[in-house]
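What follows is the content of my_file_31.cif (mmCIF, C-alpha atoms).
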```cif
data_coords
#
loop_
_atom_site.label_atom_id
_atom_site.label_comp_id
_atom_site.auth_asym_id
_atom_site.auth_seq_id
_atom_site.Cartn_x
_atom_site.Cartn_y
_atom_site.Cartn_z
CA MET G 1 -21.35 5.22 8.96
CA ASP G 2 -21.77 3.33 5.72
CA ARG G 3 -18.58 2.86 3.77
CA LYS G 4 -17.92 1.37 0.34
CA THR G 5 -15.44 -1.27 -0.86
CA ASP G 6 -15.79 -1.81 -4.61
CA GLY G 7 -19.51 -2.20 -4.72
CA LYS G 8 -20.17 -3.43 -1.19
CA PRO G 9 -20.98 -0.98 1.58
CA VAL G 10 -19.15 -1.28 4.85
CA ASN G 11 -20.80 -0.50 8.13
CA ILE G 12 -18.06 0.47 10.53
CA SER G 13 -17.78 3.29 12.99
CA ALA G 14 -15.06 5.84 12.44
CA PRO G 15 -11.84 4.91 14.29
CA THR G 16 -11.36 6.68 17.59
CA GLY G 17 -8.25 8.63 18.47
CA ALA G 18 -6.71 5.48 19.90
CA GLU G 19 -7.38 3.54 16.72
CA ARG G 20 -6.55 6.04 14.02
CA GLU G 21 -3.17 7.29 12.81
CA ALA G 22 -2.60 10.96 13.32
CA GLU G 23 -2.38 12.76 9.98
CA LEU G 24 0.68 14.85 9.10
CA PRO G 25 0.86 17.68 6.58
CA LEU G 26 3.62 15.78 4.73
CA TRP G 27 1.16 13.09 3.66
CA LYS G 28 -2.23 14.60 4.27
CA GLY G 29 -2.07 16.59 1.07
CA LEU G 30 -0.61 13.59 -0.77
CA ALA G 31 -3.64 11.38 -0.27
CA LEU G 32 -3.16 9.66 -1.76
CA GLY G 33 3.81 -0.07 -7.10
CA VAL G 34 8.24 -5.65 -9.15
CA ALA G 35 10.90 -4.33 -7.76
CA VAL G 36 11.97 -4.59 -4.16
CA ALA G 37 15.25 -4.91 -2.32
CA VAL G 38 15.51 -6.57 1.04
CA CYS G 39 18.48 -6.38 3.37
CA VAL G 40 19.55 -9.98 4.04
CA SER G 41 22.86 -10.87 5.66
CA GLY G 42 24.57 -7.74 4.41
CA THR G 43 23.37 -8.06 0.85
CA LEU G 44 20.40 -6.76 -1.05
CA VAL G 45 18.23 -9.13 -3.00
CA THR G 46 16.56 -7.11 -5.74
CA PHE G 47 13.32 -8.29 -7.26
CA GLY G 48 13.06 -6.60 -10.62
CA ARG G 49 10.15 -6.88 -12.99
CA PRO G 50 8.62 -10.35 -12.76
CA HIS G 51 11.18 -13.15 -12.46
CA ALA G 52 14.30 -10.93 -12.65
CA THR G 53 16.65 -10.98 -9.65
CA SER G 54 20.11 -9.64 -8.87
CA ARG G 55 22.33 -8.90 -5.86
CA ALA G 56 24.16 -5.77 -4.77
CA HIS G 57 26.00 -4.49 -1.73
CA ALA G 58 23.92 -2.67 0.83
CA PRO G 59 24.50 1.08 0.91
CA ALA G 60 26.14 2.51 3.99
CA SER G 61 23.24 4.74 4.93
CA VAL G 62 19.58 5.33 4.40
CA GLU G 63 20.39 8.51 2.52
CA GLN G 64 22.61 6.57 0.08
CA ALA G 65 19.87 3.97 -0.26
CA TYR G 66 17.22 6.30 -1.54
CA ASP G 67 19.68 8.05 -3.84
CA ALA G 68 21.19 4.81 -5.23
CA ASP G 69 21.79 5.07 -8.95
CA GLY G 70 19.57 2.76 -10.97
CA ALA G 71 17.43 1.73 -8.03
CA ASP G 72 13.76 1.71 -8.96
CA ASP G 73 11.09 3.20 -6.76
CA ALA G 74 9.92 0.00 -5.04
CA THR G 75 13.51 -1.02 -4.28
CA GLN G 76 14.27 2.36 -2.75
CA VAL G 77 11.18 2.48 -0.57
CA ALA G 78 11.47 -1.09 0.72
CA ARG G 79 15.16 -0.62 1.54
CA TRP G 80 14.50 2.67 3.25
CA ALA G 81 11.53 1.39 5.26
CA ALA G 82 13.54 -1.56 6.58
CA ARG G 83 16.71 0.38 7.40
CA SER G 84 15.33 3.65 8.69
CA GLY G 85 12.80 2.31 11.19
CA ASP G 86 10.01 4.18 9.45
CA ALA G 87 7.82 1.04 9.72
CA ARG G 88 8.53 0.93 13.46
CA HIS G 89 10.38 -2.37 12.95
CA ARG G 90 7.09 -4.09 12.27
CA PRO G 91 5.90 -5.98 9.16
CA PHE G 92 5.07 -3.69 6.26
CA ILE G 93 3.53 -3.77 2.79
CA VAL G 94 4.62 -2.12 -0.46
CA VAL G 95 2.07 -1.50 -3.20
CA ASP G 96 3.80 -0.95 -6.55
CA LYS G 97 1.14 0.69 -8.70
CA ALA G 98 3.37 0.98 -11.77
CA ASN G 99 3.84 -2.81 -11.84
CA ALA G 100 0.48 -3.72 -10.29
CA ARG G 101 2.00 -5.77 -7.47
CA VAL G 102 1.78 -6.00 -3.70
CA MET G 103 4.71 -7.17 -1.56
CA ALA G 104 4.61 -8.23 2.10
CA PHE G 105 7.70 -7.91 4.30
CA ASP G 106 8.46 -9.07 7.80
CA ALA G 107 9.69 -6.77 10.54
CA SER G 108 13.34 -7.23 9.54
CA GLY G 109 12.65 -6.22 5.97
CA ARG G 110 12.73 -9.69 4.44
CA LEU G 111 10.30 -10.29 1.60
CA ARG G 112 7.61 -12.76 2.62
CA ALA G 113 5.64 -12.92 -0.62
CA SER G 114 4.65 -10.94 -3.69
CA THR G 115 1.54 -11.04 -5.86
CA PRO G 116 -0.18 -9.26 -8.74
CA ALA G 117 -2.98 -6.97 -7.65
CA LEU G 118 -5.91 -5.10 -9.14
CA LEU G 119 -5.84 -1.36 -8.57
CA GLY G 120 -7.82 1.78 -9.28
CA ALA G 121 -8.76 2.17 -12.93
CA ALA G 122 -7.70 5.82 -13.06
CA ARG G 123 -4.09 7.00 -13.04
CA GLY G 124 -3.28 9.40 -10.23
CA ASP G 125 -2.06 9.69 -6.65
CA ASP G 126 -4.63 11.88 -4.93
CA SER G 127 -8.12 10.87 -3.90
CA VAL G 128 -10.88 13.29 -4.83
CA PRO G 129 -11.98 15.21 -1.73
CA GLY G 130 -15.09 13.65 -0.19
CA ILE G 131 -14.98 10.53 -2.37
CA GLY G 132 -15.32 8.32 0.68
CA MET G 133 -18.89 9.46 1.12
CA LYS G 134 -19.93 9.18 -2.54
CA LYS G 135 -22.17 6.42 -3.80
CA ILE G 136 -20.43 4.04 -6.21
CA ALA G 137 -22.75 5.14 -8.99
CA ASP G 138 -21.66 8.74 -8.52
CA ILE G 139 -17.92 8.10 -8.82
CA LYS G 140 -16.62 9.25 -12.20
CA PRO G 141 -14.12 7.10 -14.17
CA GLU G 142 -11.32 9.61 -13.58
CA GLU G 143 -11.95 9.45 -9.83
CA ARG G 144 -11.29 5.73 -9.48
CA ILE G 145 -7.82 6.28 -8.01
CA THR G 146 -5.72 4.21 -5.62
CA PRO G 147 -4.11 7.00 -3.58
CA ALA G 148 -0.36 7.04 -2.96
CA GLY G 149 1.19 7.57 0.44
CA ARG G 150 2.18 6.05 3.75
CA PHE G 151 -0.72 4.53 5.66
CA VAL G 152 -1.18 2.53 8.83
CA ALA G 153 -3.44 -0.41 7.93
CA ARG G 154 -6.29 -1.44 10.23
CA PRO G 155 -8.65 -4.44 10.09
CA GLY G 156 -12.35 -3.95 9.35
CA HIS G 157 -15.46 -5.72 7.99
CA ASN G 158 -18.06 -5.13 5.31
CA LEU G 159 -21.80 -5.61 5.76
CA ASP G 160 -21.53 -9.27 4.79
CA GLY G 161 -19.09 -9.84 7.64
CA GLU G 162 -16.12 -10.28 5.29
CA ASP G 163 -12.88 -8.99 6.75
CA ILE G 164 -11.04 -6.22 4.91
CA VAL G 165 -8.01 -4.06 5.65
CA TRP G 166 -8.48 -0.32 5.76
CA ILE G 167 -5.80 1.68 3.95
CA ASP G 168 -7.40 5.12 3.88
CA TYR G 169 -10.64 5.15 5.85
CA ASP G 170 -11.67 8.68 4.90
CA ALA G 171 -11.33 7.90 1.18
CA ALA G 172 -13.00 4.47 1.66
CA VAL G 173 -9.95 2.70 0.23
CA SER G 174 -9.34 -0.83 1.47
CA MET G 175 -7.34 -3.96 0.65
CA HIS G 176 -9.40 -7.14 0.26
CA ARG G 177 -9.83 -10.44 -1.57
CA VAL G 178 -10.71 -10.08 -5.24
CA ARG G 179 -14.45 -10.41 -5.83
CA ALA G 180 -15.53 -12.06 -9.07
CA THR G 181 -19.14 -11.00 -8.68
CA LYS G 182 -19.41 -9.33 -12.09
CA ALA G 183 -18.39 -11.80 -14.80
CA SER G 184 -17.89 -9.14 -17.44
CA GLU G 185 -15.07 -7.54 -15.44
CA GLN G 186 -13.00 -10.78 -15.53
CA ARG G 187 -11.13 -9.84 -12.38
CA LEU G 188 -9.69 -13.30 -11.77
CA GLN G 189 -8.47 -13.48 -15.36
CA ARG G 190 -6.91 -10.04 -15.07
CA LEU G 191 -4.98 -11.13 -11.99
CA ALA G 192 -3.72 -14.24 -13.79
CA SER G 193 -2.66 -12.47 -16.99
CA PRO G 194 1.04 -11.55 -17.53
CA THR G 195 0.20 -7.97 -18.50
CA ILE G 196 -0.05 -4.92 -16.24
CA ALA G 197 -2.49 -2.64 -18.02
CA ASP G 198 -5.49 -4.91 -17.45
CA ASN G 199 -4.89 -4.83 -13.69
CA ARG G 200 -6.36 -1.34 -13.49
CA ILE G 201 -10.05 -2.09 -12.95
CA SER G 202 -11.12 -1.30 -9.37
CA TRP G 203 -12.85 1.72 -7.91
CA GLY G 204 -9.68 2.49 -5.96
CA CYS G 205 -9.42 -0.45 -3.60
CA ILE G 206 -6.57 -2.95 -3.78
CA ASN G 207 -7.86 -6.40 -4.86
CA LEU G 208 -5.69 -9.42 -4.00
CA PRO G 209 -5.80 -13.18 -4.66
CA ALA G 210 -7.69 -14.74 -1.75
CA ALA G 211 -4.80 -17.08 -0.87
CA PHE G 212 -2.34 -14.18 -0.60
CA TYR G 213 -4.72 -12.06 1.43
CA ASP G 214 -5.49 -14.93 3.83
CA ALA G 215 -1.87 -16.03 4.26
CA GLN G 216 -0.09 -12.68 4.31
CA ILE G 217 -2.14 -9.52 4.64
CA SER G 218 -4.93 -10.41 7.04
CA PRO G 219 -2.74 -12.11 9.69
CA MET G 220 -0.17 -9.33 9.53
CA VAL G 221 -2.62 -6.52 10.09
CA LYS G 222 -4.64 -8.38 12.72
CA ALA G 223 -1.48 -9.06 14.71
CA SER G 224 -0.33 -5.44 14.75
CA PRO G 225 -0.96 -2.16 12.90
CA SER G 226 1.17 -2.37 9.74
CA VAL G 227 2.51 0.36 7.50
CA VAL G 228 1.45 0.27 3.85
CA TYR G 229 3.54 2.22 1.35
CA VAL G 230 1.55 2.90 -1.83
CA LEU G 231 4.03 4.12 -4.42
CA PRO G 232 3.15 7.18 -6.50
CA GLU G 233 2.78 7.22 -10.27
CA THR G 234 2.44 10.95 -10.90
CA ARG G 235 4.49 12.31 -7.98
CA SER G 236 8.08 11.72 -6.90
CA LEU G 237 9.08 9.56 -3.94
CA ARG G 238 10.46 12.56 -2.09
CA GLU G 239 7.13 14.33 -2.34
CA VAL G 240 5.33 11.38 -0.77
CA PHE G 241 7.78 9.85 1.72
CA ALA G 242 10.22 11.42 4.20
CA MET G 243 13.18 9.52 2.78
CA GLY G 244 16.56 10.74 3.95
CA ARG G 245 15.08 13.66 5.86
CA PRO G 246 15.76 12.77 9.52
CA ALA G 247 13.96 15.69 11.16
CA GLU G 248 10.77 15.16 9.17
CA ARG G 249 10.98 11.38 9.58
CA HIS G 250 11.36 11.52 13.34
CA ALA G 251 8.51 14.00 13.67
CA ALA G 252 6.35 11.78 11.48
CA LEU G 253 7.12 8.68 13.52
CA ALA G 254 6.33 10.41 16.78
CA ALA G 255 2.96 11.63 15.54
CA SER G 256 1.81 8.68 13.46
CA TRP G 257 2.56 6.02 16.07
CA LYS G 258 1.77 7.88 19.29
CA SER G 259 -1.51 6.03 19.82
CA ILE G 260 -0.07 2.57 19.03
CA PRO G 261 1.30 0.57 21.96
#
```
Written as structure tokens, how would this file's structure read?
Amino acid sequence: MDRKTDGKPVNISAPTGAEREAELPLWKGLALGVAVAVCVSGTLVTFGRPHATSRAHAPASVEQAYDADGADDATQVARWAARSGDARHRPFIVVDKANARVMAFDASGRLRASTPALLGAARGDDSVPGIGMKKIADIKPEERITPAGRFVARPGHNLDGEDIVWIDYDAAVSMHRVRATKASEQRLQRLASPTIADNRISWGCINLPAAFYDAQISPMVKASPSVVYVLPETRSLREVFAMGRPAERHAALAASWKSIP
């Protein structure tokens, strides 16, 4: 099956049952973001918008964490993922669409690294049905969306043999090194700029600096399936993630990880 990653087709067979995460109604309809808090030695280190940091006491429970007053979306999700076991105690990634950043965490919830990213040009959280099979030329501007949701990332390759990380295979959304193949798009310059608005340029895929991808994302995903939390920008966190809802969370874990050793 030919797949697309921002202008380059990908030839990869569809994942088998043993390779693909089982879909759940909670996220399937939510097909489809710098602020992150990490639990370190009983304290939370909060990474606010670029360069701003502060410390606060860790909440007593996951439920208090996601309801914490003043906590931004990325902080809530990272804290919850680390404390609740939703990421199966494995490394995980948070994509903060609102701030155009990607953050990599280790299995204990400690922040490894953070970087600006290029994301889908269109605002939205849901992929257009069938977009994964559309030709690039047929994708409308309003359809160039990076979908929000909880995904289990898998390694893959494009036709040139370049490794990529699948986020949503059906929607042909991947995470990969930024490609500066079209000079007029100025993708490298967009990544380096201090602004956020010019980071919305891709067809939906998540473009990363090559050094960050090579040092953080690729090794993480190759070593073990890793959860990627893409934060919503038009929906609420509770619509997208099972935060503070034990029954739904446990059911989700059982289904989404049942094929992963």
Item to check | Distance query G:Arg123 at most 8 Å, all atoms listed in the file, self and fewer than 4 positions along chain excluded, as a ChimeraX atom specification | outcome: /G:142,145,233-234
Checklist entry - Residues at most 7 Å from stretch 189-204 of chain G, counting all atoms listed in the file, excluding those fewer than 2 positions away in the same chain, as a VMD selection string? => result chain G and resid 6 99 to 100 116 to 121 144 to 146 173 186 to 187 206
Checklist entry - What does the PyMOL selection byres ((chain G and resi 236-240) around 6) select in this file, as a PyMOL selection string? => result chain G and resi 149+235+241
Item to check | the PyMOL selection byres ((chain G and resi 216-221) around 7) resolved against shown file, as a PyMOL selection string | outcome: chain G and resi 91+104+153-155+212-215+222-226
Checklist entry - Which residue out of G:Ala98, G:Val152, G:Cys205, G:Ala210 has the minimum interatomic distance to G:Ser174 when all atoms listed in the file are used? => result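 Of G:Ala98, G:Val152, G:Cys205, G:Ala210, the one nearest G:Ser174, counting all atoms listed in the file, is G:Cys205.
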Checklist outcome for this item: Residue with the minimum atom-to-atom distance to G:Asp170, picked from G:Val94, G:Met133, G:Thr75, G:Val228 with all atoms listed in the file counted, is G:Met133
Item to check | d(atom CA of G:Val128, atom CA of G:Ile167) in Å | outcome: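 Distance between the two atoms: 15.4 Å.
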Checklist entry - Pick from G:Asp126, G:Ile164, G:Arg150, G:Val227: nearest to G:His89, with only C-alpha atoms counted? => result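 Checking each candidate against G:His89, we get G:Val227 as the closest.
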Checklist outcome for this item: A straight line from atom CA of G:Tyr169 to atom CA of G:Trp80 spans 25.4 Å
Show me, as AutoDock Vina command-line options, the centre and edge lengths in Å to one decimal of the axis-aligned box that covers every listed atom of stretch 76-84 of chain G with 8 Å on each side.
```
--center_x 13.9 --center_y 1.0 --center_z 3.0 --size_x 21.5 --size_y 21.2 --size_z 27.4
```
Next on the checklist: For a test of reading the model, state the distance in Å between atom CA of G:Asp160 and atom CA of G:Arg179, rounded to one decimal.
Outcome noted: 12.8 Å
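Considering all atoms listed in the file, the residue among G:Val230, G:Ala107, G:Leu208, G:Val165 positioned nearest to G:Arg177 is G:Leu208.
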Item to check | Ref. answer, residues at most 8 Å from (-9.6, 11.4, -3.0) with all atoms listed in the file, as a PyMOL selection string | outcome: chain G and resi 31-32+126-132+143+145+147+171
Item to check | Distance criterion (only C-alpha atoms): nearest to G:Asp125 out of G:Met243, G:Ile139, G:Gly109, G:Pro232 | outcome: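 The closest residue to G:Asp125 is G:Pro232.
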Item to check | All residues 6 Å or closer to G:Val102, all atoms listed in the file, same chain fewer than 5 positions away omitted, as a PyMOL selection string | outcome: chain G and resi 94-95+114-115
Can you spit out the residues from that selection as a tab-separated table (two decimals), keeping the file's coordinate frame, using C-alpha atoms?
```tsv
chain	number	residue	atom	x	y	z
G	94	VAL	CA	4.62	-2.12	-0.46
G	95	VAL	CA	2.07	-1.50	-3.20
G	114	SER	CA	4.65	-10.94	-3.69
G	115	THR	CA	1.54	-11.04	-5.86
```
